[in-house]
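Here the structure is laid out as structure tokens; the discussion comes afterwards.
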Amino acid sequence: MMKRTMGVMLVLILTAGFVFGQGSSEEKDTIVLGLSMSAHTQFLENVTDAALAQAEERGVEIISMNGNDDIDTQINDVESLITRGVDAIILNPLDRAGLGRSVDNVKAAGIPLVEVNTFTNNDKYDVYVGSDEVVAGKTQGNWVAKNMGESGNICILYGVMGHSGQIGRFEGVKQSLLDQYPGWTLLADMTGEWKRSEGLRITEDWIQTYGNEIDVIAAQNDEMALGALQAVQEAGLDIAVLGIDATPDAIQSVIDGGLKLTVFQNSKAQGSEAVNVAIGLVNGETYPKVYDIPYEEVTTENAQVYLERVSSWN
Amino acid sequence: MQINRTEVIKNLDRFKMVIILLLMIIVMSFASDVFLSGRNIMNVVRQISVNMILAVGMTFVIMTGGIDLSVGSILAVSGVVASSLLKNGSVDSILLVTIIASIVGGLLGLVNGLSIAKLKVPPFISTLAMMQIARGIAYLLSNGRPIVDLPKRFLIIGQEAFMGLPIMVIMMIVVVAIGYVLLQRTRFGRYVYYIGGNEEAARVSGVNVSRILILVYVLAGICAGFAGVILSSRINSGQPQAGLTYELYAIAAVVIGGTSLNGGIGSIGGTIIGAIIIGLIRNSMNLLNVSPFNQMVVLGVVILLAVILDMQSSKRMLKS
Amino acid sequence: MKGISKQFPGVKALNQVDFSVRYGEVHALIGENGAGKSTLMKVLLGMYTPNSGTISFAGKDVVIDSPHDALKTGISMIHQELSLVPDRTVAENIFIGREPVNALGLLDWKRLYAEAESLMRTIGMVFDPQQKVSDLTVSQQQMIEIARAVSYKSKLIIMDEPTSALTDKEVNTLYTIINGLKKEHVSVIFISHKLEEIFRIADRTTVLRDGELVGVKNNKEFNKELLVTMMVGRELNQIFPKEDVAIGDVLLEAKNLTRKGVFENISFSVRKGEILGFSGLMGAGRTEVMRALFGIDRLDSGEVFLRGEKVNIHSPQKAISLGLGMVTEDRKVEGLCLIRSIKENISMVTMKDYCRLSLINDRKETAHAQSKIEMLRIKTPNQHVKANSLSGGNQQKVVVAKWLAIKPGLIILDEPTRGIDVGAKSEIHKLMTSFVKEGLAIILISSELPEVLGMSDRILVMHEGRIKGEFLREEATQEKLLQCAMVENREGSYANQ
């Protein structure tokens, strides 16, 4: 682990030295990509790792930055990538609207822009590599309709409000469940800010108010789902808890009979495909506007397979 | 006569927050029939444990007229340290891990204390820097990922109970009790009051001001470290982004509890009330299904009102 | 002001007080602390609303709701704590908030400086209007405050103990300025504790006691004894009750103490049972020497011997462990935790003695505080009230009390009676005598010549960081001390005398 961190830092330093020191005249044949990630979560770290690995394999330089959950930092990150004159930028926007201006700036500088995992409202980007958030929500909603009948009560744990995942995943649950089956009621909803501790705390409170009335808790990521599950188990209730992301922890929980469902979003594929697309754009190739990496449903039937796949990544 | 009146007002002010707390409880018991259920009460107590422990350390800091913005990040470091030690099996004993993680917190606090007391960097700046440094360390140590699959034994702290009381709540009560004795009953606590009341007078009177200041920040660090272990056990993982903005809840609890941001006035008792008020507000809003956005607004307004109330009463005391 | 009453819950702060000031008059307002002087002035300034009574100004009845109202009416106050912006110039401070602007709305510096200069000239001040206020002495800053009051075209200026921070020479300058104000038909209310200056500067005097008007008299009809009797309601036969006490061996000897740029080659010794006075102008370095001696500031060179042995006092802790005590110059800044209780303040120096294994023994601490409260006759309902609820004199006694607890061999008293009323002052003086009777040595710093002369066995005079002279009790006079303190005086020429 440590070695890789050191490696990444070394690459960063070397790249920075290369960009600032040599200018771009001498070794123009090496493509330099810029990667601006929004935050540190398990999922996004996987995307980052896959992107870095893919870049190494393809023999291109990559400058990796992280906004640490702060929109302003990320805007600055993008600015500095533009200033450094990278050949293409891969952007994982923290916020749909907040980075709209950055998209303009990148395009104004004539740099190809790939958005990964999340996309901005400003659609001037060249390609979006990722999975449709709405589909993730729909996967949860469909699972509920199929396994729990046409009526019941659902509680939703949101991610950070305004995040494209929060909006899209809710939209998916709404379209596939709430709009489709009038028997399903949205009993309560609250933001757990993607955090396990918050998922736990909020679910504890919900159980107090609604107790057995709750049939399903749909969490917008696995961390919150695991927190919710803990509260449910401590209260000794039978409530189906659903997550999204398929982290190893969550898949293990599915195997153990804890979570009923998690949704596999192929983080590795997002990271590596984003790099492939970026290199392709630099070389003049064209792609459809949305480059979809499909969502996959993880339940007791197939959990073991996914666990092996995901574990090999860490 | 004048003095008596001041005393009466002072006592009324001390009661003020208790009265607000009681009012909240009465209103909530009508608004939600589960509010007073044993289980919900236990939930609330558990939910406030981490903040309470942070707030106890913060009380000492604020009492000296300082501030510590780094406790949330220190909490994350210690949680990550404890989790990785347990996960890679280098330390077996839960007790030892708890001690090591608390010491790590204390060491980060020591850096705060040294830069504040010896290098005279303002507390706001020192701890702001530490907030960044510690958060970075937490990410570095964990590679940005939560550390999961912790040994089952570790979960005892956050998830088991002893004689009906959750272990983490017992630990919180112990910390509060130690904090109370330290502040109200020991020489160290008295020196903290002196420094907050008038640092120069304390120095001239032979109080080793810089040593006390360093100790205060070490104490806040230890509390954060200890809270980090508890939170990790509670959520069954060591999370590098744990404790984001927790420093603000801790500061809010201390301030609502009547501790003056100028130092010299306040008590652990007040902080207990403050932490309970914050915990109750957050719990109540969930019970009443208040929307996420409104929750933030309400919490902010409550903090503001508490500070305004506090300022009003001290103004009244000055005028009388 | 007529029939002014102000009732606080439980306290009658003012009871039917009449008070009047004539045009161009200097009117002294005097009374012990708590007599109602500040309350009366706060009513006049609109900070308090009186329960009854009326105020008329320049022949018209007025209602004053705030200090801002007062200013508009023509009343301003020079507070003891000055309210200048230290990093700005003299002119900016005078016209703060009302700076002249040019057609573009920008600050007109030329006019600002010119107006400031001409304003100061009318009341007899000569300052460079472009000088920074932080470069001025306290007394010069006070002058700026007065200039500001005049710039508001105030017809009445209240001065709250304006001379408490001034040396005698600076006081003279202040008098010149006040006389200048009188010529401009500006009236001055002069609040003071110093009887001499009231007789020198004031035309009439109003005496308050316990919220009641005791009397108003022309100063020509007055004498000191009568005034004091009116203030305290009892005869005061001797203000400085220093008795002769047998003087013992040398307790502390300082040799060539130097702190570069502050003081140089300070050597002196003090004996058991002796009161050693330090006299000199403000800023002569007396306080600085004592701070360094006590380990608060560092010494660059010099040696200190205690009972013949060389000691290295590098911190107040060390000084305390050697049996030194220090009542600092400003009790609010360095002496007391005003927001903490009297008990806590009294135990500040000696907490260790009431602790076992660091735990406080409350009974022991309380008993000790009680004994000191009784011993020094500190007037307080109980030991749990906050220090800021006490009068200045009682606060000072609390500071003394905390040092007595260590049973010191030497106690340094830096301006121990500044700003406290006559009764409390005399009690402090009695205490000093009783201390030396028990074999303590005292170093007394005081800017009040009668106090130094009355209390000291021996007097050292400092001037610009050096010791300029030494006088025995018998030979010292006010004139000699003053002359010694003012040799080669390089004080700024800010007044036309």
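Residue names in the structure tokens use chain letters A, B, ... in the order shown, residue numbers from 1 in each chain, and ligand numbers from 1 in the order shown.
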Per-residue nearest contacts of chain A to chain B (10 Å; only C-alpha atoms) as JSON lines:
```
{"residue": "A:Met1", "atom": "CA", "partner": "B:Asn143", "partner_atom": "CA", "distance": 7.0}
{"residue": "A:Met2", "atom": "CA", "partner": "B:Asn143", "partner_atom": "CA", "distance": 7.8}
{"residue": "A:Arg4", "atom": "CA", "partner": "B:Asn143", "partner_atom": "CA", "distance": 9.4}
{"residue": "A:Thr5", "atom": "CA", "partner": "B:Asn143", "partner_atom": "CA", "distance": 7.5}
{"residue": "A:Ala39", "atom": "CA", "partner": "B:Gly144", "partner_atom": "CA", "distance": 9.3}
{"residue": "A:His40", "atom": "CA", "partner": "B:Gly144", "partner_atom": "CA", "distance": 5.6}
{"residue": "A:Thr41", "atom": "CA", "partner": "B:Arg145", "partner_atom": "CA", "distance": 6.2}
{"residue": "A:Gln42", "atom": "CA", "partner": "B:Arg145", "partner_atom": "CA", "distance": 4.9}
{"residue": "A:Phe43", "atom": "CA", "partner": "B:Arg145", "partner_atom": "CA", "distance": 8.6}
{"residue": "A:Leu44", "atom": "CA", "partner": "B:Gly144", "partner_atom": "CA", "distance": 9.3}
{"residue": "A:Glu45", "atom": "CA", "partner": "B:Gly144", "partner_atom": "CA", "distance": 6.9}
{"residue": "A:Asn46", "atom": "CA", "partner": "B:Arg145", "partner_atom": "CA", "distance": 9.4}
{"residue": "A:Asn68", "atom": "CA", "partner": "B:Gln241", "partner_atom": "CA", "distance": 9.8}
{"residue": "A:Asp69", "atom": "CA", "partner": "B:Gln241", "partner_atom": "CA", "distance": 9.9}
{"residue": "A:Tyr158", "atom": "CA", "partner": "B:Pro292", "partner_atom": "CA", "distance": 9.2}
{"residue": "A:Val160", "atom": "CA", "partner": "B:Pro292", "partner_atom": "CA", "distance": 10.0}
{"residue": "A:Met161", "atom": "CA", "partner": "B:Pro292", "partner_atom": "CA", "distance": 8.3}
{"residue": "A:Leu187", "atom": "CA", "partner": "B:Asn289", "partner_atom": "CA", "distance": 8.8}
{"residue": "A:Ala188", "atom": "CA", "partner": "B:Asn289", "partner_atom": "CA", "distance": 6.1}
{"residue": "A:Asp189", "atom": "CA", "partner": "B:Ser291", "partner_atom": "CA", "distance": 7.3}
{"residue": "A:Met190", "atom": "CA", "partner": "B:Pro292", "partner_atom": "CA", "distance": 5.3}
{"residue": "A:Thr191", "atom": "CA", "partner": "B:Pro292", "partner_atom": "CA", "distance": 5.9}
{"residue": "A:Gly192", "atom": "CA", "partner": "B:Pro292", "partner_atom": "CA", "distance": 9.1}
{"residue": "A:Lys195", "atom": "CA", "partner": "B:Ala242", "partner_atom": "CA", "distance": 7.9}
{"residue": "A:Arg196", "atom": "CA", "partner": "B:Ile235", "partner_atom": "CA", "distance": 6.4}
{"residue": "A:Ser197", "atom": "CA", "partner": "B:Ile235", "partner_atom": "CA", "distance": 5.8}
{"residue": "A:Glu198", "atom": "CA", "partner": "B:Ile235", "partner_atom": "CA", "distance": 9.4}
{"residue": "A:Gly199", "atom": "CA", "partner": "B:Ile235", "partner_atom": "CA", "distance": 9.6}
{"residue": "A:Leu200", "atom": "CA", "partner": "B:Ile235", "partner_atom": "CA", "distance": 7.7}
{"residue": "A:Arg201", "atom": "CA", "partner": "B:Gln47", "partner_atom": "CA", "distance": 6.6}
{"residue": "A:Ile202", "atom": "CA", "partner": "B:Asn286", "partner_atom": "CA", "distance": 6.7}
{"residue": "A:Thr203", "atom": "CA", "partner": "B:Asn286", "partner_atom": "CA", "distance": 8.9}
{"residue": "A:Glu204", "atom": "CA", "partner": "B:Asn43", "partner_atom": "CA", "distance": 6.7}
{"residue": "A:Asp205", "atom": "CA", "partner": "B:Leu287", "partner_atom": "CA", "distance": 5.8}
{"residue": "A:Trp206", "atom": "CA", "partner": "B:Leu287", "partner_atom": "CA", "distance": 6.2}
{"residue": "A:Ile207", "atom": "CA", "partner": "B:Leu287", "partner_atom": "CA", "distance": 8.8}
{"residue": "A:Gln208", "atom": "CA", "partner": "B:Val34", "partner_atom": "CA", "distance": 6.0}
{"residue": "A:Thr209", "atom": "CA", "partner": "B:Leu287", "partner_atom": "CA", "distance": 5.5}
{"residue": "A:Tyr210", "atom": "CA", "partner": "B:Leu287", "partner_atom": "CA", "distance": 8.6}
{"residue": "A:Gly211", "atom": "CA", "partner": "B:Val34", "partner_atom": "CA", "distance": 9.8}
{"residue": "A:Glu223", "atom": "CA", "partner": "B:Pro146", "partner_atom": "CA", "distance": 9.4}
{"residue": "A:Leu226", "atom": "CA", "partner": "B:Ile235", "partner_atom": "CA", "distance": 8.4}
{"residue": "A:Gly227", "atom": "CA", "partner": "B:Ile235", "partner_atom": "CA", "distance": 6.6}
{"residue": "A:Gln230", "atom": "CA", "partner": "B:Ile235", "partner_atom": "CA", "distance": 8.2}
{"residue": "A:Ala231", "atom": "CA", "partner": "B:Asn43", "partner_atom": "CA", "distance": 9.8}
{"residue": "A:Glu234", "atom": "CA", "partner": "B:Gln159", "partner_atom": "CA", "distance": 8.4}
{"residue": "A:Ala235", "atom": "CA", "partner": "B:Arg39", "partner_atom": "CA", "distance": 9.0}
{"residue": "A:Pro248", "atom": "CA", "partner": "B:Val148", "partner_atom": "CA", "distance": 9.0}
{"residue": "A:Asp249", "atom": "CA", "partner": "B:Val148", "partner_atom": "CA", "distance": 6.8}
{"residue": "A:Gln252", "atom": "CA", "partner": "B:Asp149", "partner_atom": "CA", "distance": 9.6}
{"residue": "A:Asn314", "atom": "CA", "partner": "B:Arg145", "partner_atom": "CA", "distance": 9.9}
```
Would you pick out the contacts of Asp238 of chain A at 10 Å or less, using only C-alpha atoms, so that residues sharing its chain but fewer than 6 positions from it are not included, and give the list as a PDB file with N, CA and C atoms, in the first residue's frame?
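Wrote it out as part39.pdb, contents follow:
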```
ATOM      1  N   GLY A 211     -40.614   1.785  13.761  1.00  0.00           N
ATOM      2  CA  GLY A 211     -40.482   0.384  14.150  1.00  0.00           C
ATOM      3  C   GLY A 211     -40.776  -0.573  13.002  1.00  0.00           C
ATOM      4  N   ASN A 212     -41.711  -1.486  13.240  1.00  0.00           N
ATOM      5  CA  ASN A 212     -42.007  -2.533  12.267  1.00  0.00           C
ATOM      6  C   ASN A 212     -42.683  -2.039  10.992  1.00  0.00           C
ATOM      7  N   ILE A 214     -41.523  -0.101   8.939  1.00  0.00           N
ATOM      8  CA  ILE A 214     -40.557  -0.005   7.845  1.00  0.00           C
ATOM      9  C   ILE A 214     -40.356  -1.385   7.233  1.00  0.00           C
ATOM     10  N   ASP A 215     -40.487  -1.444   5.903  1.00  0.00           N
ATOM     11  CA  ASP A 215     -40.223  -2.718   5.228  1.00  0.00           C
ATOM     12  C   ASP A 215     -38.832  -2.714   4.604  1.00  0.00           C
ATOM     13  N   VAL A 216     -38.481  -1.562   4.015  1.00  0.00           N
ATOM     14  CA  VAL A 216     -37.205  -1.492   3.290  1.00  0.00           C
ATOM     15  C   VAL A 216     -36.477  -0.196   3.641  1.00  0.00           C
ATOM     16  N   VAL A 232     -30.674  -1.954  12.500  1.00  0.00           N
ATOM     17  CA  VAL A 232     -31.783  -2.889  12.318  1.00  0.00           C
ATOM     18  C   VAL A 232     -31.521  -4.158  13.118  1.00  0.00           C
TER      19      VAL A 232
END
```
Practice task
Compile the residues of chain C that lie within 7 Å of chain B, evaluated using only C-alpha atoms, and express the compilation as a PyMOL selection string.
Solution key: chain C and resi 10-11+296+316-317+320+333-340+348-349+351+355+358-360+389
Could you dump the residues just selected with N, CA, C and O atoms as a compact mmCIF listing (two decimals), in the first residue's frame?
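Okay, again-v9.txt is ready:
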```
# COMPACT_ATOMS: atom_id res chain seq x y z
N GLY C 10 -32.82 46.54 44.57
CA GLY C 10 -32.17 46.32 45.85
C GLY C 10 -31.23 47.42 46.28
O GLY C 10 -30.82 47.46 47.43
N VAL C 11 -30.85 48.30 45.38
CA VAL C 11 -29.89 49.35 45.75
C VAL C 11 -30.39 50.70 45.29
O VAL C 11 -30.89 50.84 44.17
N ILE C 296 9.59 37.92 35.75
CA ILE C 296 8.58 38.00 34.70
C ILE C 296 9.25 38.31 33.37
O ILE C 296 8.98 37.67 32.36
N PRO C 316 8.51 33.66 37.76
CA PRO C 316 7.77 34.01 38.97
C PRO C 316 7.68 32.84 39.95
O PRO C 316 7.72 33.05 41.16
N GLN C 317 7.60 31.61 39.41
CA GLN C 317 7.55 30.45 40.31
C GLN C 317 8.75 30.44 41.23
O GLN C 317 8.65 30.20 42.43
N ILE C 320 8.58 33.16 43.85
CA ILE C 320 7.62 32.81 44.91
C ILE C 320 8.24 31.79 45.86
O ILE C 320 8.13 31.89 47.08
N VAL C 333 -5.06 44.16 35.02
CA VAL C 333 -4.31 43.50 33.95
C VAL C 333 -3.48 42.34 34.47
O VAL C 333 -3.44 41.27 33.89
N GLU C 334 -2.80 42.55 35.61
CA GLU C 334 -1.86 41.53 36.06
C GLU C 334 -2.17 40.97 37.44
O GLU C 334 -1.51 40.05 37.89
N GLY C 335 -3.17 41.54 38.10
CA GLY C 335 -3.37 41.14 39.48
C GLY C 335 -4.48 40.13 39.71
O GLY C 335 -4.30 39.15 40.41
N LEU C 336 -5.63 40.38 39.08
CA LEU C 336 -6.81 39.62 39.45
C LEU C 336 -7.43 38.90 38.26
O LEU C 336 -7.31 39.33 37.13
N CYS C 337 -8.09 37.78 38.57
CA CYS C 337 -9.04 37.20 37.62
C CYS C 337 -10.39 37.79 38.00
O CYS C 337 -11.05 37.30 38.91
N LEU C 338 -10.78 38.87 37.33
CA LEU C 338 -11.98 39.60 37.77
C LEU C 338 -13.23 38.74 37.71
O LEU C 338 -14.15 38.94 38.48
N ILE C 339 -13.27 37.79 36.76
CA ILE C 339 -14.49 37.01 36.60
C ILE C 339 -14.52 35.79 37.52
O ILE C 339 -15.46 35.01 37.49
N ARG C 340 -13.47 35.61 38.33
CA ARG C 340 -13.47 34.48 39.26
C ARG C 340 -13.72 34.99 40.68
O ARG C 340 -13.64 36.18 40.96
N MET C 348 -4.69 32.02 44.54
CA MET C 348 -4.00 31.87 43.26
C MET C 348 -2.52 31.51 43.40
O MET C 348 -2.01 30.67 42.67
N VAL C 349 -1.86 32.13 44.35
CA VAL C 349 -0.41 31.92 44.46
C VAL C 349 -0.09 30.62 45.19
O VAL C 349 0.93 30.00 44.96
N MET C 351 -2.03 27.68 45.63
CA MET C 351 -2.90 26.52 45.41
C MET C 351 -2.27 25.24 45.95
O MET C 351 -2.94 24.38 46.51
N CYS C 355 -3.68 21.50 48.31
CA CYS C 355 -3.89 20.33 47.47
C CYS C 355 -3.12 19.14 48.02
O CYS C 355 -2.00 19.29 48.50
N SER C 358 -2.70 16.72 44.16
CA SER C 358 -3.32 17.61 43.19
C SER C 358 -4.82 17.83 43.41
O SER C 358 -5.44 18.65 42.76
N LEU C 359 -5.43 17.10 44.34
CA LEU C 359 -6.85 17.34 44.61
C LEU C 359 -7.00 18.49 45.61
O LEU C 359 -6.28 18.56 46.61
N ILE C 360 -7.96 19.36 45.33
CA ILE C 360 -8.12 20.54 46.18
C ILE C 360 -8.85 20.17 47.47
O ILE C 360 -9.88 19.50 47.43
N SER C 389 -17.02 42.46 41.46
CA SER C 389 -18.12 43.12 42.15
C SER C 389 -17.60 43.97 43.31
O SER C 389 -18.37 44.68 43.94
```
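Pairwise distance (atom CA of Lys155 of chain C, atom CA of Thr89 of chain C) equals 25.1 Å.
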Exercise for the section: Write out as a ChimeraX atom specification all residues of segment 189-222 of chain C that DSSP puts in helix (DSSP H, G or I) for this structure's backbone. Expected result: /C:195-201,219-221
Can those selected residues be exported to a file as a compact mmCIF listing (two decimals), in the first residue's frame so that it contains all heavy atoms?
```
# COMPACT_ATOMS: atom_id res chain seq x y z
N LEU C 195 -6.88 64.93 46.74
CA LEU C 195 -7.41 66.16 47.33
C LEU C 195 -6.63 67.38 46.88
O LEU C 195 -7.21 68.42 46.58
CB LEU C 195 -7.38 66.04 48.85
CG LEU C 195 -8.06 64.80 49.40
CD1 LEU C 195 -8.08 64.84 50.92
CD2 LEU C 195 -9.48 64.68 48.86
N GLU C 196 -5.29 67.23 46.81
CA GLU C 196 -4.46 68.40 46.48
C GLU C 196 -4.89 69.00 45.14
O GLU C 196 -5.02 70.22 45.01
CB GLU C 196 -2.97 68.03 46.39
CG GLU C 196 -2.35 67.65 47.70
CD GLU C 196 -2.50 66.17 48.01
OE1 GLU C 196 -3.29 65.50 47.28
OE2 GLU C 196 -1.88 65.69 48.96
N GLU C 197 -5.10 68.16 44.17
CA GLU C 197 -5.36 68.69 42.84
C GLU C 197 -6.73 69.35 42.77
O GLU C 197 -6.93 70.28 42.00
CB GLU C 197 -5.17 67.64 41.76
CG GLU C 197 -6.17 66.51 41.79
CD GLU C 197 -5.76 65.41 40.81
OE1 GLU C 197 -4.55 65.32 40.51
OE2 GLU C 197 -6.63 64.67 40.36
N ILE C 198 -7.64 68.88 43.61
CA ILE C 198 -8.95 69.51 43.60
C ILE C 198 -8.82 70.96 44.04
O ILE C 198 -9.41 71.87 43.45
CB ILE C 198 -9.91 68.73 44.52
CG1 ILE C 198 -10.29 67.44 43.81
CG2 ILE C 198 -11.15 69.55 44.85
CD1 ILE C 198 -11.02 66.47 44.66
N PHE C 199 -7.98 71.16 45.04
CA PHE C 199 -7.80 72.52 45.51
C PHE C 199 -7.05 73.36 44.50
O PHE C 199 -7.22 74.56 44.43
CB PHE C 199 -7.10 72.52 46.87
CG PHE C 199 -8.02 72.11 47.96
CD1 PHE C 199 -7.98 70.84 48.48
CD2 PHE C 199 -8.98 73.00 48.44
CE1 PHE C 199 -8.86 70.45 49.46
CE2 PHE C 199 -9.86 72.62 49.43
CZ PHE C 199 -9.81 71.33 49.94
N ARG C 200 -6.21 72.72 43.73
CA ARG C 200 -5.43 73.50 42.77
C ARG C 200 -6.25 73.90 41.55
O ARG C 200 -6.09 74.98 41.02
CB ARG C 200 -4.22 72.69 42.30
CG ARG C 200 -3.03 72.92 43.20
CD ARG C 200 -1.78 72.37 42.57
NE ARG C 200 -1.48 72.96 41.26
CZ ARG C 200 -0.50 72.53 40.48
NH1 ARG C 200 0.24 71.53 40.88
NH2 ARG C 200 -0.26 73.12 39.33
N ILE C 201 -7.10 72.98 41.07
CA ILE C 201 -7.69 73.23 39.76
C ILE C 201 -9.17 73.61 39.81
O ILE C 201 -9.65 74.36 38.97
CB ILE C 201 -7.48 72.01 38.84
CG1 ILE C 201 -7.84 72.33 37.38
CG2 ILE C 201 -8.25 70.80 39.32
CD1 ILE C 201 -6.89 73.27 36.72
N ASN C 219 -14.42 76.40 46.47
CA ASN C 219 -13.21 75.85 47.05
C ASN C 219 -12.55 76.79 48.03
O ASN C 219 -11.77 76.38 48.88
CB ASN C 219 -12.24 75.44 45.94
CG ASN C 219 -12.62 74.07 45.41
OD1 ASN C 219 -13.66 73.53 45.79
ND2 ASN C 219 -11.80 73.50 44.55
N LYS C 220 -12.86 78.07 47.91
CA LYS C 220 -12.26 79.02 48.85
C LYS C 220 -12.78 78.78 50.27
O LYS C 220 -12.11 79.11 51.24
CB LYS C 220 -12.54 80.45 48.39
CG LYS C 220 -11.65 80.83 47.23
CD LYS C 220 -12.14 82.10 46.54
CE LYS C 220 -11.50 82.23 45.17
NZ LYS C 220 -12.42 82.70 44.15
N GLU C 221 -13.99 78.24 50.38
CA GLU C 221 -14.56 78.01 51.71
C GLU C 221 -14.12 76.69 52.31
O GLU C 221 -14.57 76.32 53.38
CB GLU C 221 -16.09 78.00 51.64
CG GLU C 221 -16.71 79.13 50.88
CD GLU C 221 -18.16 78.80 50.47
OE1 GLU C 221 -18.74 77.85 51.03
OE2 GLU C 221 -18.69 79.50 49.59
```
Problem - Spatial neighbours of segment 181-194 of chain C, max dist 6 Å, only C-alpha atoms, sep filter under 4 positions, as a ChimeraX atom specification - result: /C:23-29,155-161
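Picture a line from atom CA of Asn66 of chain A to atom CA of Leu52 of chain A; it runs 13.3 Å.
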Exercise for the section: List every residue of segment 54-252 of chain A that DSSP, applied to the backbone, labels as strand (DSSP E), and write the result as number ranges by chain. Expected result: A: 61-66, 88-91, 113-116, 127-130, 152-158, 184-191, 216-219, 240-242
Take the residues from that selection and write them out as a PDB file, in the first residue's frame, keeping C-alpha atoms.
```pdb
ATOM      1  CA  GLU A  61       1.846  10.185 -17.969  1.00  0.00           C
ATOM      2  CA  ILE A  62      -0.990  11.043 -15.614  1.00  0.00           C
ATOM      3  CA  ILE A  63      -1.236  13.882 -13.110  1.00  0.00           C
ATOM      4  CA  SER A  64      -3.647  12.891 -10.377  1.00  0.00           C
ATOM      5  CA  MET A  65      -5.382  15.390  -8.106  1.00  0.00           C
ATOM      6  CA  ASN A  66      -8.074  15.173  -5.447  1.00  0.00           C
ATOM      7  CA  ALA A  88      -6.647  15.594 -21.944  1.00  0.00           C
ATOM      8  CA  ILE A  89      -8.489  15.899 -18.640  1.00  0.00           C
ATOM      9  CA  ILE A  90     -10.470  13.242 -16.839  1.00  0.00           C
ATOM     10  CA  LEU A  91     -12.856  14.890 -14.432  1.00  0.00           C
ATOM     11  CA  LEU A 113     -12.588  16.402 -21.492  1.00  0.00           C
ATOM     12  CA  VAL A 114     -13.761  13.048 -20.215  1.00  0.00           C
ATOM     13  CA  GLU A 115     -16.074  12.942 -17.218  1.00  0.00           C
ATOM     14  CA  VAL A 116     -16.038   9.835 -15.128  1.00  0.00           C
ATOM     15  CA  VAL A 127     -17.540  11.844 -23.299  1.00  0.00           C
ATOM     16  CA  TYR A 128     -19.103  10.664 -20.069  1.00  0.00           C
ATOM     17  CA  VAL A 129     -17.687   7.354 -18.930  1.00  0.00           C
ATOM     18  CA  GLY A 130     -19.796   5.907 -16.201  1.00  0.00           C
ATOM     19  CA  GLY A 152     -45.066  -1.394   1.701  1.00  0.00           C
ATOM     20  CA  ASN A 153     -43.082   1.374   3.372  1.00  0.00           C
ATOM     21  CA  ILE A 154     -39.626   2.476   2.319  1.00  0.00           C
ATOM     22  CA  CYS A 155     -37.087   4.799   3.950  1.00  0.00           C
ATOM     23  CA  ILE A 156     -34.276   6.325   1.924  1.00  0.00           C
ATOM     24  CA  LEU A 157     -30.822   7.339   3.157  1.00  0.00           C
ATOM     25  CA  TYR A 158     -29.455   9.973   0.793  1.00  0.00           C
ATOM     26  CA  TRP A 184     -45.383   1.879  -1.756  1.00  0.00           C
ATOM     27  CA  THR A 185     -44.980   4.873   0.539  1.00  0.00           C
ATOM     28  CA  LEU A 186     -41.855   6.923   1.191  1.00  0.00           C
ATOM     29  CA  LEU A 187     -42.008   6.847   4.975  1.00  0.00           C
ATOM     30  CA  ALA A 188     -38.934   8.944   5.786  1.00  0.00           C
ATOM     31  CA  ASP A 189     -35.833  10.276   4.095  1.00  0.00           C
ATOM     32  CA  MET A 190     -32.704  11.943   5.373  1.00  0.00           C
ATOM     33  CA  THR A 191     -29.145  12.556   4.305  1.00  0.00           C
ATOM     34  CA  VAL A 216     -37.205  -1.492   3.290  1.00  0.00           C
ATOM     35  CA  ILE A 217     -34.338   0.912   3.845  1.00  0.00           C
ATOM     36  CA  ALA A 218     -32.713   1.887   0.583  1.00  0.00           C
ATOM     37  CA  ALA A 219     -29.343   3.489   1.209  1.00  0.00           C
ATOM     38  CA  ALA A 240     -34.588  -5.303   4.142  1.00  0.00           C
ATOM     39  CA  VAL A 241     -31.556  -3.038   3.794  1.00  0.00           C
ATOM     40  CA  LEU A 242     -30.226  -2.254   0.327  1.00  0.00           C
TER      41      LEU A 242
END
```
Practice task
Write out as a ChimeraX atom specification each polymer residue whose atoms come within 12 Å of segment 258-264 of chain C, counting only C-alpha atoms; drop sequence neighbours fewer than 4 positions from it.
Solution key: /C:254,283-293,297-304,462-468
Problem - Long-range neighbours of Tyr295 of chain A as a list in words, 12 Å cut-off, only C-alpha atoms, 5 positions minimum in chain - result: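 After dropping sequence-adjacent residues, the list is Asn117, Gly130, Ser131, Asp132, Glu133, Val134, Val135, Ala136, Gly137, Lys138, Thr139, Gln140, Ile244, Asp245, Ala246, Thr262, Val263, Phe264, Gln265, Asn266, Ser267, Ala269 and Gln270 of chain A.
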